[in-house]
Amino acid sequence: MVDRLAPLRRTPGIVRLHGHRAARGVLPENTLLAFRNTFDIGVQVVELDILSTSDGIPVITHNPRLLSASTRDAEGNWLSGEGPRIHDLTYEELSRYDVGGLRAGTTYAARYPDQAFLNGQQIPKFEDLARMLAEPAYRDIWLNIEIKSHPEHPENTPPIPDYVAAVLSILRRHGLEDRAILQSFDWRVLEEIARKAPDIPRSYLSYLPRPNPTMEVNVFEASPWIGSAPWARFGGSLPRIVSHQGGMFWCPYHEDLDPEEVALARDLGLIVNTWTVNSPEDILRAIDAGVDGIITDYPGRAQRLLLARGLSWREDIRPVRATG
């Protein structure tokens with residue numbers, strides 16, 4: 001039997017790379033230019049984020065509101081304070097904003113000092129990227145699609161059944177069901193995907209409790225994020241819970257990686273991708289933990305580190321041995 005997920009599995013000498021938000025370490029995140037660049041440097045999987053406009057159009061962007069650190073209005077001025085909610089804007093209104101650069105002096109700009117500054121970059125429709133994948137050069141590209149949702153903030157997104165249906169409609173219209181992973185921190189979204197499209201592989205994002213978390217923790221007993229997942233039945237073992245839910249992918253935060261849990265997940269048939277892994281030390285630690293895929297803002301950095309280890313990220317690119 002042909003394993004259609006083989007391009008996403010770790011094999012001897014191969015650890016897969018996923019460009020996070022395309023590759024926001026070098027180009028503005030989740031823009032079509034950044035996706036094309038990531039494809040062109042040989043990365044076969046890109047991670048992207050979906051939200052929805054008020055007129056029901058799935059768009060590729062991460063935050064529920066436009067960020068003042070990365071958004072200019074139609075006159076070229078930086079937004080002051082909190083920007084409008086994506087779900088409160090029509091796509092025509094959203095397209096008036098430029099997200100091609102980072103504002104000097106912001107935390108975001110300091111975090112990504114090498115990101116190029118561009119003009120004329122809009123938040124794209126998901127369908128724009130789907131069309132790009134029809135180009136002959138990109139027929140081997142996979143999409144790792146995170147559907148953004150928050151159980152305590154339903155105002156940020158459409159009702160889950162409508163939201164999921166809109167994303168699936170685009171995948172089906174462009175024949176991308178066999179080149180897509182659908183993932184979410186909100187496992188209720190994954191339950192809806194299982195009902196509507198059980199053949200599309202689902203990825204369960206996790207972020208464990210910790211002191212001073214930098215974002216909301218989603219996996220714990222009675223969490224509103226995990227839907228009907230039976231936490232107590234499996235003693236909180238995320239690989240066993242994900243497998244029971246019919247997931248094909250488990251996607252833990254890189255600081256939560258436990259090589260024994262990774263090995264268990266892979267024994268259960270799961271593919272393990274870890275997010276968001278950027279420093280050389282963390283990339284090497286993820287490799288040693290045995291993950292299948294590394295989601296990173298710096299895929300070029302990860303490529304060089306893999307090659308230095310005698311590894312690669314795809315079958316047709318092999319490490320070059322020194323001569324002489």
# chains A, B, ... in the order shown; residues from 1 in each chain; ligands from 1

call {"tool": "residues_around", "arguments": {"residues": "region 248-265 of chain A", "least_positions_apart": "2", "cutoff": "9 Å", "atoms": "only C-alpha atoms", "output": "PyMOL selection string"}}
result
chain A and resi 181+183+201-208+237-240+242-243+246+267-277+282-283+285-286+288-291+294

call {"tool": "residues_around", "arguments": {"residues": "His18 (chain A)", "least_positions_apart": "6", "cutoff": "10 Å", "atoms": "only C-alpha atoms", "output": "PDB file with C-alpha atoms, in the first residue's frame"}}
result
ATOM      1  CA  LEU A   8       6.072  14.135   5.547  1.00  0.00           C
ATOM      2  CA  THR A  38      10.105  29.218   0.571  1.00  0.00           C
ATOM      3  CA  VAL A  43      11.203  23.535   1.236  1.00  0.00           C
ATOM      4  CA  GLN A  44       8.308  21.230   0.400  1.00  0.00           C
ATOM      5  CA  VAL A  45       5.968  22.062   3.298  1.00  0.00           C
ATOM      6  CA  VAL A  46       4.705  25.447   4.464  1.00  0.00           C
ATOM      7  CA  GLU A  47       2.774  26.230   7.621  1.00  0.00           C
ATOM      8  CA  LEU A  48       0.147  28.945   7.334  1.00  0.00           C
ATOM      9  CA  TRP A 142       2.284  20.403   0.946  1.00  0.00           C
ATOM     10  CA  LEU A 143       0.247  22.841   3.018  1.00  0.00           C
ATOM     11  CA  ASN A 144       0.189  22.616   6.804  1.00  0.00           C
ATOM     12  CA  ASN A 273       6.065  17.965  13.838  1.00  0.00           C
ATOM     13  CA  THR A 274       7.312  20.489  16.375  1.00  0.00           C
ATOM     14  CA  TRP A 275       6.815  24.270  16.430  1.00  0.00           C
ATOM     15  CA  THR A 276       8.391  26.935  16.209  1.00  0.00           C
ATOM     16  CA  GLY A 293       9.276  17.605  10.928  1.00  0.00           C
ATOM     17  CA  ILE A 294      10.602  20.930  12.176  1.00  0.00           C
ATOM     18  CA  ILE A 295       8.432  24.033  11.787  1.00  0.00           C
ATOM     19  CA  THR A 296      10.745  27.043  11.635  1.00  0.00           C
ATOM     20  CA  ASP A 297      10.872  30.744  10.751  1.00  0.00           C
ATOM     21  CA  TYR A 298      14.359  30.102   9.338  1.00  0.00           C
ATOM     22  CA  PRO A 299      14.233  27.142   6.950  1.00  0.00           C
ATOM     23  CA  ALA A 302      17.701  24.560   9.376  1.00  0.00           C
ATOM     24  CA  TRP A 313      15.118  17.553   4.310  1.00  0.00           C
TER      25      TRP A 313
END

call {"tool": "closest_residue", "arguments": {"among": "A:Asn30, A:Gln303, A:Thr214, A:Ser54", "to": "Arg318 (chain A)", "atoms": "only C-alpha atoms"}}
result
A:Gln303

call {"tool": "residues_around", "arguments": {"residues": "Asp114 (chain A)", "least_positions_apart": "4", "cutoff": "10 Å", "atoms": "only C-alpha atoms", "output": "MDAnalysis selection string"}}
result
chainID A and resid 24:27 109:110

call {"tool": "residues_around", "arguments": {"residues": "Arg195 (chain A)", "least_positions_apart": "4", "cutoff": "12 Å", "atoms": "only C-alpha atoms", "output": "MDAnalysis selection string"}}
result
chainID A and resid 160:161 164:165 168 188:191 199:200 202 245:246

call {"tool": "residues_around", "arguments": {"residues": "Leu307 (chain A)", "least_positions_apart": "4", "cutoff": "6 Å", "atoms": "only C-alpha atoms", "output": "MDAnalysis selection string"}}
result
chainID A and resid 311:312 319

call {"tool": "decode", "arguments": {"residues": "region 251-268 of chain A", "atoms": "N, CA and C atoms", "output": "compact mmCIF listing (two decimals), in the first residue's frame"}}
result
# COMPACT_ATOMS: atom_id res chain seq x y z
N CYS A 251 1.53 17.78 17.06
CA CYS A 251 2.41 18.93 16.85
C CYS A 251 2.67 19.64 18.18
N PRO A 252 3.63 19.16 18.98
CA PRO A 252 3.95 19.79 20.26
C PRO A 252 4.90 20.97 20.12
N TYR A 253 4.85 21.87 21.09
CA TYR A 253 5.82 22.96 21.19
C TYR A 253 7.21 22.36 21.42
N HIS A 254 8.22 22.99 20.84
CA HIS A 254 9.55 22.37 20.88
C HIS A 254 10.10 22.25 22.30
N GLU A 255 9.74 23.15 23.21
CA GLU A 255 10.24 23.03 24.58
C GLU A 255 9.55 21.91 25.34
N ASP A 256 8.45 21.39 24.79
CA ASP A 256 7.73 20.29 25.42
C ASP A 256 8.19 18.92 24.90
N LEU A 257 9.16 18.91 24.01
CA LEU A 257 9.57 17.64 23.41
C LEU A 257 10.19 16.71 24.44
N ASP A 258 9.71 15.48 24.44
CA ASP A 258 10.25 14.39 25.25
C ASP A 258 10.54 13.25 24.29
N PRO A 259 11.81 12.86 24.13
CA PRO A 259 12.11 11.80 23.16
C PRO A 259 11.30 10.53 23.37
N GLU A 260 10.98 10.19 24.61
CA GLU A 260 10.18 8.98 24.84
C GLU A 260 8.76 9.16 24.33
N GLU A 261 8.18 10.34 24.52
CA GLU A 261 6.85 10.60 23.99
C GLU A 261 6.86 10.65 22.46
N VAL A 262 7.91 11.22 21.90
CA VAL A 262 8.03 11.23 20.43
C VAL A 262 8.10 9.81 19.90
N ALA A 263 8.90 8.96 20.56
CA ALA A 263 9.01 7.56 20.13
C ALA A 263 7.67 6.85 20.25
N LEU A 264 6.94 7.10 21.34
CA LEU A 264 5.62 6.50 21.51
C LEU A 264 4.70 6.94 20.39
N ALA A 265 4.70 8.23 20.09
CA ALA A 265 3.84 8.74 19.03
C ALA A 265 4.14 8.05 17.70
N ARG A 266 5.40 7.92 17.40
CA ARG A 266 5.77 7.30 16.13
C ARG A 266 5.44 5.81 16.13
N ASP A 267 5.55 5.15 17.27
CA ASP A 267 5.13 3.75 17.38
C ASP A 267 3.62 3.60 17.12
N LEU A 268 2.87 4.63 17.49
CA LEU A 268 1.42 4.63 17.27
C LEU A 268 1.05 5.01 15.84
